[in-house]
>>> print(open('input-v9.txt').read())   # compact mmCIF, C-alpha atoms
# COMPACT_ATOMS: atom_id res chain seq x y z
CA MET Q 1 -13.10 8.35 -49.57
CA SER Q 2 -15.77 10.20 -47.59
CA SER Q 3 -14.96 13.62 -46.18
CA LEU Q 4 -13.74 13.96 -42.61
CA ASN Q 5 -16.55 14.38 -40.09
CA ILE Q 6 -15.59 16.76 -37.27
CA VAL Q 7 -17.89 17.43 -34.29
CA VAL Q 8 -17.26 20.24 -31.81
CA ILE Q 9 -19.01 19.86 -28.45
CA GLY Q 10 -19.72 23.32 -27.00
CA GLY Q 11 -21.09 26.39 -28.73
CA GLY Q 12 -19.08 29.02 -26.89
CA ALA Q 13 -16.13 31.19 -27.91
CA ALA Q 14 -13.59 28.33 -28.11
CA GLY Q 15 -16.08 25.99 -29.80
CA PHE Q 16 -16.98 28.44 -32.56
CA PHE Q 17 -13.39 29.53 -33.08
CA SER Q 18 -12.12 25.97 -33.39
CA ALA Q 19 -15.01 24.98 -35.70
CA ILE Q 20 -14.42 28.01 -37.96
CA THR Q 21 -10.66 27.36 -38.06
CA ALA Q 22 -11.22 23.68 -38.85
CA ALA Q 23 -13.69 24.51 -41.64
CA GLU Q 24 -11.30 27.08 -43.16
CA THR Q 25 -8.24 24.79 -42.84
CA PHE Q 26 -9.97 21.62 -44.04
CA PRO Q 27 -12.62 22.82 -46.55
CA ASP Q 28 -13.62 19.26 -47.50
CA ALA Q 29 -14.50 18.34 -43.91
CA THR Q 30 -18.03 18.36 -42.48
CA VAL Q 31 -18.05 20.42 -39.28
CA THR Q 32 -20.85 20.38 -36.70
CA ILE Q 33 -21.20 22.29 -33.42
CA LEU Q 34 -23.34 20.74 -30.67
CA GLU Q 35 -24.59 23.00 -27.86
CA LYS Q 36 -26.59 21.65 -24.91
CA ASN Q 37 -28.34 25.00 -24.27
CA ARG Q 38 -31.04 26.52 -26.49
CA THR Q 39 -28.72 29.35 -27.54
CA VAL Q 40 -25.02 29.57 -28.42
CA LEU Q 41 -22.28 32.02 -27.43
CA ASN Q 42 -24.06 32.90 -24.17
CA LYS Q 43 -20.91 33.92 -22.30
CA VAL Q 44 -19.77 36.07 -25.24
CA ARG Q 45 -23.14 37.81 -25.16
CA ILE Q 46 -23.06 38.75 -21.45
CA SER Q 47 -19.33 39.31 -20.89
CA GLY Q 48 -17.92 42.76 -20.26
CA GLY Q 49 -21.32 44.09 -19.26
CA GLY Q 50 -22.76 43.10 -22.64
CA ARG Q 51 -19.87 44.65 -24.56
CA CYS Q 52 -17.59 41.56 -24.82
CA ASN Q 53 -14.01 42.14 -23.69
CA VAL Q 54 -12.52 40.35 -26.74
CA THR Q 55 -8.85 40.48 -25.73
CA HIS Q 56 -6.23 42.68 -24.06
CA ALA Q 57 -3.87 45.13 -25.76
CA CYS Q 58 -0.81 43.23 -24.54
CA PHE Q 59 1.12 42.39 -27.70
CA ASP Q 60 4.27 41.05 -26.06
CA ASN Q 61 3.53 37.37 -25.47
CA ARG Q 62 6.10 37.13 -22.68
CA GLN Q 63 4.06 39.73 -20.80
CA LEU Q 64 0.68 38.38 -21.89
CA VAL Q 65 1.22 34.94 -20.31
CA LYS Q 66 1.91 36.55 -16.93
CA HIS Q 67 -1.84 37.28 -16.67
CA TYR Q 68 -2.66 33.55 -16.36
CA PRO Q 69 -2.55 32.10 -12.82
CA ARG Q 70 -2.83 28.65 -14.46
CA GLY Q 71 -1.61 27.70 -17.94
CA GLU Q 72 1.19 30.24 -18.40
CA LYS Q 73 3.86 27.77 -19.53
CA PRO Q 74 1.85 25.68 -22.04
CA LEU Q 75 0.10 28.78 -23.41
CA ARG Q 76 3.37 30.49 -24.33
CA PRO Q 77 4.20 28.43 -27.48
CA LEU Q 78 0.52 28.38 -28.51
CA LEU Q 79 0.50 32.19 -28.54
CA ASN Q 80 3.27 32.03 -31.15
CA VAL Q 81 0.61 30.47 -33.39
CA PHE Q 82 -2.27 32.80 -32.51
CA ASP Q 83 -1.89 35.76 -30.12
CA ALA Q 84 -3.64 39.05 -29.29
CA THR Q 85 -2.31 40.69 -32.47
CA ALA Q 86 -3.76 37.81 -34.51
CA THR Q 87 -7.10 38.18 -32.68
CA VAL Q 88 -7.32 41.89 -33.55
CA GLN Q 89 -6.47 41.14 -37.20
CA TRP Q 90 -8.92 38.20 -37.37
CA PHE Q 91 -11.89 40.32 -36.32
CA GLU Q 92 -10.82 43.36 -38.37
CA LYS Q 93 -10.55 41.18 -41.49
CA ARG Q 94 -14.18 40.18 -40.90
CA GLY Q 95 -15.41 43.75 -40.52
CA VAL Q 96 -15.19 44.06 -36.72
CA PRO Q 97 -12.55 46.62 -35.67
CA LEU Q 98 -11.65 46.57 -31.96
CA LYS Q 99 -10.97 49.59 -29.75
CA THR Q 100 -8.64 49.81 -26.74
CA GLU Q 101 -9.68 51.34 -23.43
CA ALA Q 102 -7.33 53.11 -21.02
CA ASP Q 103 -6.80 49.95 -18.94
CA GLY Q 104 -5.86 47.85 -22.00
CA ARG Q 105 -9.15 46.00 -22.41
CA MET Q 106 -10.27 45.67 -26.03
CA PHE Q 107 -13.92 45.79 -27.14
CA PRO Q 108 -15.69 45.88 -30.50
CA GLY Q 109 -15.90 49.44 -31.82
CA THR Q 110 -19.70 49.13 -31.71
CA ASN Q 111 -19.54 48.65 -27.92
CA THR Q 112 -21.91 45.69 -28.06
CA SER Q 113 -21.21 41.95 -27.82
CA ASP Q 114 -23.87 41.35 -30.50
CA THR Q 115 -21.25 42.39 -33.07
CA ILE Q 116 -18.92 39.57 -31.98
CA VAL Q 117 -21.77 37.04 -31.80
CA ASP Q 118 -23.02 38.04 -35.27
CA CYS Q 119 -19.49 37.84 -36.69
CA LEU Q 120 -18.97 34.29 -35.39
CA LEU Q 121 -22.45 33.11 -36.46
CA THR Q 122 -22.18 34.67 -39.92
CA THR Q 123 -18.70 33.21 -40.48
CA ALA Q 124 -19.86 29.75 -39.35
CA ARG Q 125 -22.90 29.96 -41.64
CA ARG Q 126 -20.80 31.04 -44.63
CA LEU Q 127 -18.47 28.06 -44.09
CA GLY Q 128 -21.41 25.63 -43.97
CA ILE Q 129 -20.89 24.70 -40.30
CA SER Q 130 -23.98 23.03 -38.87
CA VAL Q 131 -24.98 24.41 -35.44
CA ARG Q 132 -27.32 22.23 -33.36
CA THR Q 133 -28.73 23.56 -30.08
CA SER Q 134 -30.48 21.71 -27.20
CA CYS Q 135 -28.05 18.94 -28.09
CA GLY Q 136 -26.26 17.69 -24.97
CA VAL Q 137 -23.82 14.77 -25.17
CA SER Q 138 -24.15 12.19 -22.38
CA THR Q 139 -21.28 9.85 -23.31
CA LEU Q 140 -18.51 9.42 -25.84
CA THR Q 141 -17.54 5.92 -27.00
CA ARG Q 142 -15.95 4.32 -30.08
CA ASP Q 143 -17.29 1.77 -32.59
CA GLU Q 144 -15.43 -1.18 -34.18
CA GLN Q 145 -13.99 1.12 -36.88
CA ASN Q 146 -12.61 3.36 -34.11
CA ARG Q 147 -15.00 6.18 -35.04
CA TRP Q 148 -16.45 8.29 -32.24
CA LEU Q 149 -20.02 7.66 -31.11
CA LEU Q 150 -21.68 10.66 -29.50
CA HIS Q 151 -24.66 9.59 -27.38
CA LEU Q 152 -27.05 12.53 -27.02
CA TYR Q 153 -29.54 13.06 -24.19
CA THR Q 154 -32.28 12.68 -26.81
CA ASP Q 155 -31.11 9.06 -27.37
CA GLU Q 156 -29.79 9.99 -30.81
CA VAL Q 157 -26.27 8.70 -31.59
CA LEU Q 158 -23.97 10.66 -33.91
CA THR Q 159 -20.72 9.43 -35.44
CA ALA Q 160 -17.55 11.45 -35.95
CA ASP Q 161 -13.97 10.95 -37.10
CA ARG Q 162 -12.67 13.69 -34.82
CA VAL Q 163 -14.20 15.30 -31.73
CA LEU Q 164 -13.25 18.58 -30.09
CA ILE Q 165 -14.34 19.29 -26.52
CA ALA Q 166 -15.00 22.99 -25.84
CA THR Q 167 -17.66 22.74 -23.15
CA GLY Q 168 -16.14 25.30 -20.78
CA GLY Q 169 -15.10 24.51 -17.23
CA TYR Q 170 -17.15 22.47 -14.78
CA PRO Q 171 -17.40 23.64 -11.16
CA ARG Q 172 -16.93 20.07 -9.82
CA ALA Q 173 -14.79 17.12 -10.88
CA ASP Q 174 -17.83 14.90 -11.58
CA GLY Q 175 -18.78 17.30 -14.40
CA TYR Q 176 -15.93 15.80 -16.44
CA SER Q 177 -16.95 12.17 -15.80
CA TRP Q 178 -18.60 11.71 -19.23
CA LEU Q 179 -15.26 12.23 -21.00
CA PRO Q 180 -13.26 9.16 -22.07
CA GLU Q 181 -10.07 10.74 -20.68
CA PRO Q 182 -8.32 8.91 -17.81
CA SER Q 183 -8.94 10.46 -14.40
CA ASP Q 184 -5.29 11.44 -13.95
CA SER Q 185 -5.65 13.90 -16.84
CA LEU Q 186 -7.99 16.04 -14.73
CA VAL Q 187 -6.78 18.80 -12.43
CA SER Q 188 -9.53 19.09 -9.81
CA PRO Q 189 -11.57 22.25 -10.49
CA VAL Q 190 -12.19 25.08 -8.02
CA PRO Q 191 -13.72 28.52 -8.69
CA SER Q 192 -11.64 31.49 -9.79
CA LEU Q 193 -12.60 35.18 -10.25
CA PHE Q 194 -15.02 35.79 -7.39
CA THR Q 195 -15.82 38.53 -4.90
CA PHE Q 196 -15.48 38.29 -1.12
CA ASN Q 197 -18.42 38.11 1.27
CA VAL Q 198 -17.81 40.02 4.52
CA PRO Q 199 -21.20 39.99 6.28
CA ASP Q 200 -19.96 41.50 9.57
CA ASN Q 201 -18.49 44.61 8.00
CA PRO Q 202 -18.93 48.25 9.08
CA PHE Q 203 -18.32 49.38 5.50
CA LEU Q 204 -21.46 47.72 4.05
CA PRO Q 205 -23.38 51.06 4.13
CA LEU Q 206 -20.72 52.39 1.73
CA ALA Q 207 -21.77 49.97 -1.05
CA GLY Q 208 -20.88 51.49 -4.41
CA VAL Q 209 -17.86 53.45 -3.14
CA SER Q 210 -14.70 52.62 -5.07
CA VAL Q 211 -11.02 53.32 -4.40
CA PRO Q 212 -8.71 53.64 -7.44
CA ASP Q 213 -5.74 51.99 -5.73
CA ALA Q 214 -5.55 49.66 -2.72
CA LYS Q 215 -3.32 46.76 -1.69
CA VAL Q 216 -5.16 43.57 -0.70
CA SER Q 217 -3.63 40.45 0.81
CA ILE Q 218 -4.64 37.22 2.51
CA ILE Q 219 -3.17 36.83 5.99
CA GLY Q 220 -1.21 33.59 6.37
CA THR Q 221 -0.30 33.39 2.67
CA LYS Q 222 2.01 35.27 0.29
CA GLN Q 223 -0.95 36.23 -1.91
CA GLU Q 224 -1.16 39.97 -2.53
CA GLN Q 225 -2.60 42.20 -5.27
CA ARG Q 226 -2.98 45.89 -5.87
CA GLY Q 227 -5.47 47.94 -7.90
CA PRO Q 228 -8.99 49.39 -7.89
CA LEU Q 229 -11.28 48.12 -5.12
CA LEU Q 230 -15.07 48.33 -4.84
CA ILE Q 231 -17.10 48.18 -1.63
CA THR Q 232 -20.30 46.18 -2.22
CA HIS Q 233 -23.43 45.48 -0.21
CA TRP Q 234 -22.00 42.02 0.59
CA GLY Q 235 -18.29 42.82 1.00
CA PHE Q 236 -15.54 43.64 -1.51
CA SER Q 237 -15.08 43.42 -5.27
CA GLY Q 238 -13.23 45.27 -8.03
CA PRO Q 239 -10.14 44.30 -10.07
CA ALA Q 240 -7.78 43.98 -7.06
CA ILE Q 241 -10.12 41.48 -5.33
CA LEU Q 242 -10.85 39.52 -8.52
CA ARG Q 243 -7.15 39.20 -9.31
CA LEU Q 244 -6.47 38.09 -5.72
CA SER Q 245 -9.24 35.46 -5.99
CA ALA Q 246 -7.70 34.14 -9.22
CA TRP Q 247 -4.10 33.88 -8.05
CA ALA Q 248 -5.16 32.50 -4.64
CA ALA Q 249 -7.91 30.20 -6.00
CA ARG Q 250 -6.35 26.97 -4.67
CA ASP Q 251 -5.37 28.49 -1.30
CA LEU Q 252 -8.87 29.91 -0.77
CA ALA Q 253 -10.58 26.62 -1.68
CA GLU Q 254 -8.45 24.88 0.96
CA LEU Q 255 -9.50 27.53 3.48
CA ASP Q 256 -13.16 26.92 2.52
CA TYR Q 257 -13.38 30.64 1.68
CA GLN Q 258 -13.04 31.65 5.34
CA PHE Q 259 -9.98 33.81 5.87
CA THR Q 260 -8.71 37.21 6.96
CA LEU Q 261 -8.38 39.88 4.29
CA ARG Q 262 -5.96 42.75 4.85
CA ILE Q 263 -6.49 46.05 3.02
CA ASN Q 264 -3.95 48.86 2.87
CA TRP Q 265 -5.95 51.87 1.67
CA THR Q 266 -2.72 53.87 1.15
CA PRO Q 267 -0.67 51.29 -0.79
CA ASP Q 268 2.33 53.53 -1.41
CA LEU Q 269 2.92 53.91 2.34
CA ASN Q 270 3.72 51.41 5.08
CA GLU Q 271 2.69 52.08 8.68
CA ASN Q 272 5.78 54.15 9.60
CA GLN Q 273 5.63 56.23 6.42
CA LEU Q 274 1.93 56.86 6.94
CA ARG Q 275 2.50 57.89 10.53
CA ALA Q 276 5.08 60.46 9.38
CA ALA Q 277 2.73 61.72 6.64
CA LEU Q 278 -0.10 62.15 9.17
CA GLN Q 279 2.20 64.10 11.52
CA ASP Q 280 3.18 66.45 8.69
CA PHE Q 281 -0.44 66.93 7.73
CA ARG Q 282 -1.36 67.52 11.35
CA GLN Q 283 1.18 70.34 11.71
CA GLN Q 284 -0.01 72.09 8.55
CA ASN Q 285 -3.76 71.65 9.16
CA GLY Q 286 -3.97 71.82 12.95
CA ARG Q 287 -7.09 73.98 13.14
CA LYS Q 288 -9.10 71.88 10.72
CA GLN Q 289 -11.41 69.03 11.70
CA VAL Q 290 -10.06 65.53 11.11
CA ILE Q 291 -13.34 64.26 9.64
CA SER Q 292 -13.46 66.95 6.94
CA GLN Q 293 -9.75 67.02 6.00
CA ASN Q 294 -8.62 63.90 4.17
CA PRO Q 295 -4.88 63.81 3.37
CA PHE Q 296 -4.98 60.80 1.00
CA ALA Q 297 -7.68 61.66 -1.56
CA LEU Q 298 -9.81 58.75 -0.32
CA PRO Q 299 -13.55 58.97 -1.04
CA SER Q 300 -14.98 61.28 1.62
CA ARG Q 301 -17.57 58.76 2.86
CA LEU Q 302 -14.82 56.15 3.33
CA TRP Q 303 -12.58 58.63 5.17
CA GLN Q 304 -15.44 59.66 7.47
CA MET Q 305 -16.16 56.01 8.27
CA MET Q 306 -12.45 55.39 9.03
CA VAL Q 307 -12.33 58.41 11.35
CA THR Q 308 -15.50 57.34 13.16
CA GLU Q 309 -14.25 53.74 13.46
CA ALA Q 310 -11.03 55.06 15.03
CA GLY Q 311 -13.13 56.70 17.75
CA ILE Q 312 -12.51 60.27 16.57
CA SER Q 313 -15.41 62.69 17.13
CA GLU Q 314 -16.82 64.94 14.39
CA THR Q 315 -15.54 68.07 16.13
CA GLN Q 316 -12.01 66.77 16.75
CA ARG Q 317 -9.32 69.04 15.29
CA TRP Q 318 -6.01 67.73 13.93
CA ALA Q 319 -3.98 69.77 16.43
CA ASP Q 320 -5.79 68.23 19.42
CA LEU Q 321 -5.86 64.64 18.17
CA PRO Q 322 -4.56 62.31 20.93
CA ALA Q 323 -2.00 59.61 20.16
CA LYS Q 324 -4.33 56.62 20.67
CA PRO Q 325 -7.00 57.51 18.09
CA LEU Q 326 -4.23 58.62 15.72
CA ASN Q 327 -2.66 55.15 16.09
CA ARG Q 328 -6.04 53.50 15.49
CA LEU Q 329 -6.52 55.59 12.34
CA THR Q 330 -3.03 54.66 11.12
CA GLU Q 331 -3.77 50.98 11.74
CA ARG Q 332 -7.06 51.15 9.82
CA LEU Q 333 -5.48 52.89 6.85
CA THR Q 334 -2.55 50.47 6.44
CA ASN Q 335 -3.71 47.25 8.08
CA ASN Q 336 -7.52 47.10 7.89
CA GLN Q 337 -8.53 43.49 8.54
CA PHE Q 338 -11.82 41.78 7.64
CA GLN Q 339 -13.16 38.27 8.21
CA VAL Q 340 -14.23 36.87 4.85
CA MET Q 341 -17.02 34.29 5.18
CA GLY Q 342 -17.51 33.06 1.62
CA LYS Q 343 -17.51 34.12 -2.02
CA SER Q 344 -19.86 35.36 -4.72
CA THR Q 345 -19.43 34.64 -8.42
CA PHE Q 346 -18.47 37.77 -10.34
CA LYS Q 347 -21.60 38.61 -12.40
CA ASP Q 348 -22.16 35.70 -14.81
CA GLU Q 349 -18.53 35.29 -15.78
CA PHE Q 350 -17.85 32.07 -13.91
CA VAL Q 351 -14.29 30.86 -14.42
CA THR Q 352 -12.78 27.63 -13.13
CA CYS Q 353 -9.25 26.95 -12.02
CA GLY Q 354 -8.50 23.36 -13.05
CA GLY Q 355 -9.68 21.13 -15.88
CA ILE Q 356 -8.00 18.86 -18.42
CA SER Q 357 -4.25 18.89 -17.82
CA PHE Q 358 -2.02 20.15 -20.64
CA GLY Q 359 0.32 17.31 -19.71
CA SER Q 360 -2.25 14.80 -21.00
CA LEU Q 361 -2.32 16.50 -24.44
CA ASP Q 362 0.06 16.95 -27.35
CA PRO Q 363 1.41 20.44 -26.50
CA GLN Q 364 1.43 21.55 -30.16
CA THR Q 365 -1.97 20.25 -31.31
CA LEU Q 366 -4.07 19.89 -28.08
CA GLU Q 367 -4.93 16.31 -29.08
CA SER Q 368 -5.33 13.79 -26.28
CA LYS Q 369 -2.29 11.51 -25.87
CA SER Q 370 -4.43 8.59 -24.69
CA GLN Q 371 -7.41 9.13 -27.04
CA PRO Q 372 -6.28 9.90 -30.61
CA GLY Q 373 -8.80 12.01 -32.49
CA LEU Q 374 -10.01 13.78 -29.34
CA PHE Q 375 -9.04 17.47 -29.01
CA PHE Q 376 -9.63 20.12 -26.33
CA ALA Q 377 -9.92 23.92 -26.36
CA GLY Q 378 -11.01 26.75 -24.07
CA GLU Q 379 -11.83 26.73 -20.42
CA VAL Q 380 -12.29 22.96 -20.21
CA LEU Q 381 -8.47 23.02 -20.09
CA ASP Q 382 -6.50 23.83 -16.95
CA VAL Q 383 -5.96 27.45 -18.00
CA ASP Q 384 -7.52 30.60 -16.60
CA GLY Q 385 -6.70 34.27 -16.77
CA ILE Q 386 -7.49 37.28 -14.65
CA THR Q 387 -10.16 39.74 -15.82
CA GLY Q 388 -9.38 42.00 -18.74
CA GLY Q 389 -9.92 39.87 -21.86
CA PHE Q 390 -7.38 37.19 -21.01
CA ASN Q 391 -9.86 34.30 -20.76
CA PHE Q 392 -11.28 35.09 -24.19
CA GLN Q 393 -7.74 35.27 -25.58
CA SER Q 394 -6.96 31.77 -24.32
CA ALA Q 395 -10.26 30.60 -25.90
CA TRP Q 396 -9.31 32.09 -29.30
CA THR Q 397 -5.73 30.75 -29.04
CA THR Q 398 -6.53 27.18 -27.98
CA GLY Q 399 -9.56 27.06 -30.31
CA TYR Q 400 -7.43 28.15 -33.25
CA VAL Q 401 -4.61 25.67 -32.50
CA ALA Q 402 -7.01 22.73 -32.05
CA GLY Q 403 -8.98 23.67 -35.18
CA LEU Q 404 -5.77 24.01 -37.18
CA ASN Q 405 -4.71 20.46 -36.31
CA ILE Q 406 -7.93 18.48 -35.99
CA GLY Q 407 -8.12 17.47 -39.66
CA LYS Q 408 -4.52 16.26 -40.03
>>> encode(input="input-v9.txt", output="structure tokens")
Amino acid sequence: MSSLNIVVIGGGAAGFFSAITAAETFPDATVTILEKNRTVLNKVRISGGGRCNVTHACFDNRQLVKHYPRGEKPLRPLLNVFDATATVQWFEKRGVPLKTEADGRMFPGTNTSDTIVDCLLTTARRLGISVRTSCGVSTLTRDEQNRWLLHLYTDEVLTADRVLIATGGYPRADGYSWLPEPSDSLVSPVPSLFTFNVPDNPFLPLAGVSVPDAKVSIIGTKQEQRGPLLITHWGFSGPAILRLSAWAARDLAELDYQFTLRINWTPDLNENQLRAALQDFRQQNGRKQVISQNPFALPSRLWQMMVTEAGISETQRWADLPAKPLNRLTERLTNNQFQVMGKSTFKDEFVTCGGISFGSLDPQTLESKSQPGLFFAGEVLDVDGITGGFNFQSAWTTGYVAGLNIGK
């Protein structure tokens, strides 16, 4: 009997991880990776500012799954097979120790994504995995023997016993049309992890100023996040905004990315508490100028802009500050509202909300229920995490599970 022929479509993190796992689990199988681009592991190379945020130091799987706006429930049992602890051990065993940063993100000790890329390429080479680039698949069909036929854009046709799809997410539903899956297995994709464009924004001159802690919410929804916020030359970014974009991805798509963003720059205080804090500060610092005395450790340029926006002059002292401008300042600090008029993709780390539904797959193997011998892994699935290494972790986890089962 000839050896099993396994083809993985997609040369990214999930594709390589599933191919490596399949080759290690089924050493007699022939494993091939097909990548439509000229180079493989492109997202691995550029992620984390070229350092590759491999995973997150969250080793309690019940907590880990809470970082996935989509896919939390189906991911939970899969993490029992391969979780963040397993990821750290996998790379360490292959000579790539990971280090943990203060915020929990984990990177290779070398601080460069090349280390991760080299590790995956070297491991694949050692296992005899064939990697073919500039090799896009246009359609997937079956022959009379029920083997898979992979029709390439070059007009070449390859055969396979098992196929694993790890192409990443597609921004639009028609991107999935080449798959033999029924249409009801697809959860319509929309973008996740993006920054907010606020073109008519007095804070644009403050581009580059960051605040370590702010509360951001979308008016008219229950969506709210808290964390570091960055003012950009087009609007707002930073972890708080990116997390908000991920959790609110469906809501924001329905709003066509036009909505009102509320920022509380003093997230520990509501309006009444802030008002009381300002009164206390006023009594103790009456002779000092409002513009130069900032009670909340906000960046000085941001504070000065807030004061100016509230109609308070540069010479105004705290003791002489009238009620109206004080109210305006309070409002801006706790309830600063901005009209968002679109989104920008966060660097090159495009993530989609949506994809192939877990309900259409065997939950333990990630094999298609309607198409035996067809497996899925990575972002092509309806799973996405917030920033911090969670999307790579789901790639390693689903890639490992699919690779572990594809030869059975």
>>> residues_around(input="input-v9.txt", residues="Leu361 in chain Q", least_positions_apart="4", cutoff="9 Å", atoms="only C-alpha atoms", output="MDAnalysis selection string")
chainID Q and resid 185 356:357 365:370 375:376
>>> atom_distance(input="input-v9.txt", atom1="CA of Pro69 in chain Q", atom2="CA of Phe259 in chain Q")
20.2 Å
>>> residues_near_point(input="input-v9.txt", point="(3.6, 54.0, -4.4)", cutoff="12 Å", atoms="all atoms listed in the file", output="MDAnalysis selection string")
chainID Q and resid 213:215 226:227 264:270 273:274
>>> write_last_selection(input="input-v9.txt", atoms="C-alpha atoms", output="short mmCIF file (atom, residue, chain, number, x, y, z; two decimals), in the coordinates of the input")
data_model
loop_
_atom_site.label_atom_id
_atom_site.label_comp_id
_atom_site.auth_asym_id
_atom_site.auth_seq_id
_atom_site.Cartn_x
_atom_site.Cartn_y
_atom_site.Cartn_z
CA ASP Q 213 -5.74 51.99 -5.73
CA ALA Q 214 -5.55 49.66 -2.72
CA LYS Q 215 -3.32 46.76 -1.69
CA ARG Q 226 -2.98 45.89 -5.87
CA GLY Q 227 -5.47 47.94 -7.90
CA ASN Q 264 -3.95 48.86 2.87
CA TRP Q 265 -5.95 51.87 1.67
CA THR Q 266 -2.72 53.87 1.15
CA PRO Q 267 -0.67 51.29 -0.79
CA ASP Q 268 2.33 53.53 -1.41
CA LEU Q 269 2.92 53.91 2.34
CA ASN Q 270 3.72 51.41 5.08
CA GLN Q 273 5.63 56.23 6.42
CA LEU Q 274 1.93 56.86 6.94
#
>>> atom_distance(input="input-v9.txt", atom1="CA of Ile291 in chain Q", atom2="CA of Asn272 in chain Q")
21.6 Å
>>> atom_distance(input="input-v9.txt", atom1="CA of Pro205 in chain Q", atom2="CA of Leu229 in chain Q")
15.5 Å
>>> closest_residue(input="input-v9.txt", among="Q:Leu78, Q:Ala240, Q:Thr334, Q:Gly342", to="Asp256 in chain Q", atoms="all atoms listed in the file")
Q:Gly342
>>> residues_around(input="input-v9.txt", residues="Asn201 in chain Q", least_positions_apart="4", cutoff="12 Å", atoms="only C-alpha atoms", output="PDB file with C-alpha atoms, in the coordinates of the input")
ATOM      1  CA  PHE Q 196     -15.480  38.290  -1.120  1.00  0.00           C
ATOM      2  CA  ASN Q 197     -18.420  38.110   1.270  1.00  0.00           C
ATOM      3  CA  PRO Q 205     -23.380  51.060   4.130  1.00  0.00           C
ATOM      4  CA  LEU Q 206     -20.720  52.390   1.730  1.00  0.00           C
ATOM      5  CA  ALA Q 207     -21.770  49.970  -1.050  1.00  0.00           C
ATOM      6  CA  ILE Q 231     -17.100  48.180  -1.630  1.00  0.00           C
ATOM      7  CA  THR Q 232     -20.300  46.180  -2.220  1.00  0.00           C
ATOM      8  CA  HIS Q 233     -23.430  45.480  -0.210  1.00  0.00           C
ATOM      9  CA  TRP Q 234     -22.000  42.020   0.590  1.00  0.00           C
ATOM     10  CA  GLY Q 235     -18.290  42.820   1.000  1.00  0.00           C
ATOM     11  CA  PHE Q 236     -15.540  43.640  -1.510  1.00  0.00           C
ATOM     12  CA  LEU Q 261      -8.380  39.880   4.290  1.00  0.00           C
ATOM     13  CA  MET Q 305     -16.160  56.010   8.270  1.00  0.00           C
ATOM     14  CA  GLU Q 309     -14.250  53.740  13.460  1.00  0.00           C
ATOM     15  CA  ASN Q 336      -7.520  47.100   7.890  1.00  0.00           C
ATOM     16  CA  GLN Q 337      -8.530  43.490   8.540  1.00  0.00           C
ATOM     17  CA  PHE Q 338     -11.820  41.780   7.640  1.00  0.00           C
ATOM     18  CA  GLN Q 339     -13.160  38.270   8.210  1.00  0.00           C
ATOM     19  CA  VAL Q 340     -14.230  36.870   4.850  1.00  0.00           C
ATOM     20  CA  MET Q 341     -17.020  34.290   5.180  1.00  0.00           C
TER      21      MET Q 341
END
>>> closest_residue(input="input-v9.txt", among="Q:Asp118, Q:Asp384, Q:Glu181, Q:Glu35", to="Gln371 in chain Q", atoms="all atoms listed in the file")
Q:Glu181
>>> closest_atom_pairs(input="input-v9.txt", of="range 89-122 of chain Q", to="range 393-398 of chain Q", cutoff="12 Å", atoms="only C-alpha atoms", output="tab-separated table")
residue	atom	partner	partner_atom	distance
Q:Trp90	CA	Q:Trp396	CA	10.1
Q:Phe91	CA	Q:Trp396	CA	11.1
Q:Arg105	CA	Q:Gln393	CA	11.3
Q:Met106	CA	Q:Gln393	CA	10.7
Q:Leu120	CA	Q:Trp396	CA	11.6
>>> residues_around(input="input-v9.txt", residues="range 16-32 of chain Q", least_positions_apart="3", cutoff="7 Å", atoms="all atoms listed in the file", output="list in words")
Ser3, Leu4, Asn5, Ile6, Val7, Val8, Gly11, Gly12, Ala13, Leu120, Ala124, Leu127, Ile129, Ser130, Val131, Trp396, Gly399, Tyr400, Ala402, Gly403, Leu404, Ile406 and Gly407 of chain Q
>>> residues_near_point(input="input-v9.txt", point="(-2.4, 32.7, 9.5)", cutoff="10 Å", atoms="only C-alpha atoms", output="JSON, numbers by chain")
{"Q": [218, 219, 220, 221, 259, 260]}
>>> closest_residue(input="input-v9.txt", among="Q:Ala377, Q:Leu179, Q:Val209, Q:Leu152", to="Ala166 in chain Q", atoms="all atoms listed in the file")
Q:Ala377
>>> axis_aligned_box(input="input-v9.txt", around="range 356-369 of chain Q", padding_each_side="6 Å", output="JSON")
{"center_x": -3.3, "center_y": 16.5, "center_z": -24.6, "size_x": 21.4, "size_y": 22.0, "size_z": 25.5}
>>> closest_residue(input="input-v9.txt", among="Q:Ala246, Q:Leu326, Q:Leu278, Q:Ala297", to="Cys353 in chain Q", atoms="all atoms listed in the file")
Q:Ala246
>>> residues_around(input="input-v9.txt", residues="Gln284 in chain Q", least_positions_apart="3", cutoff="12 Å", atoms="all atoms listed in the file", output="list in words")
Ala277, Leu278, Gln279, Asp280, Phe281, Arg287, Lys288, Gln293, Pro295, Arg317, Trp318 and Ala319 of chain Q
>>> residues_around(input="input-v9.txt", residues="Pro322 in chain Q", least_positions_apart="2", cutoff="12 Å", atoms="all atoms listed in the file", output="list in words")
Gln279, Arg282, Val290, Ala310, Gly311, Ile312, Ser313, Gln316, Arg317, Trp318, Ala319, Asp320, Lys324, Pro325, Leu326, Asn327, Arg328 and Leu329 of chain Q
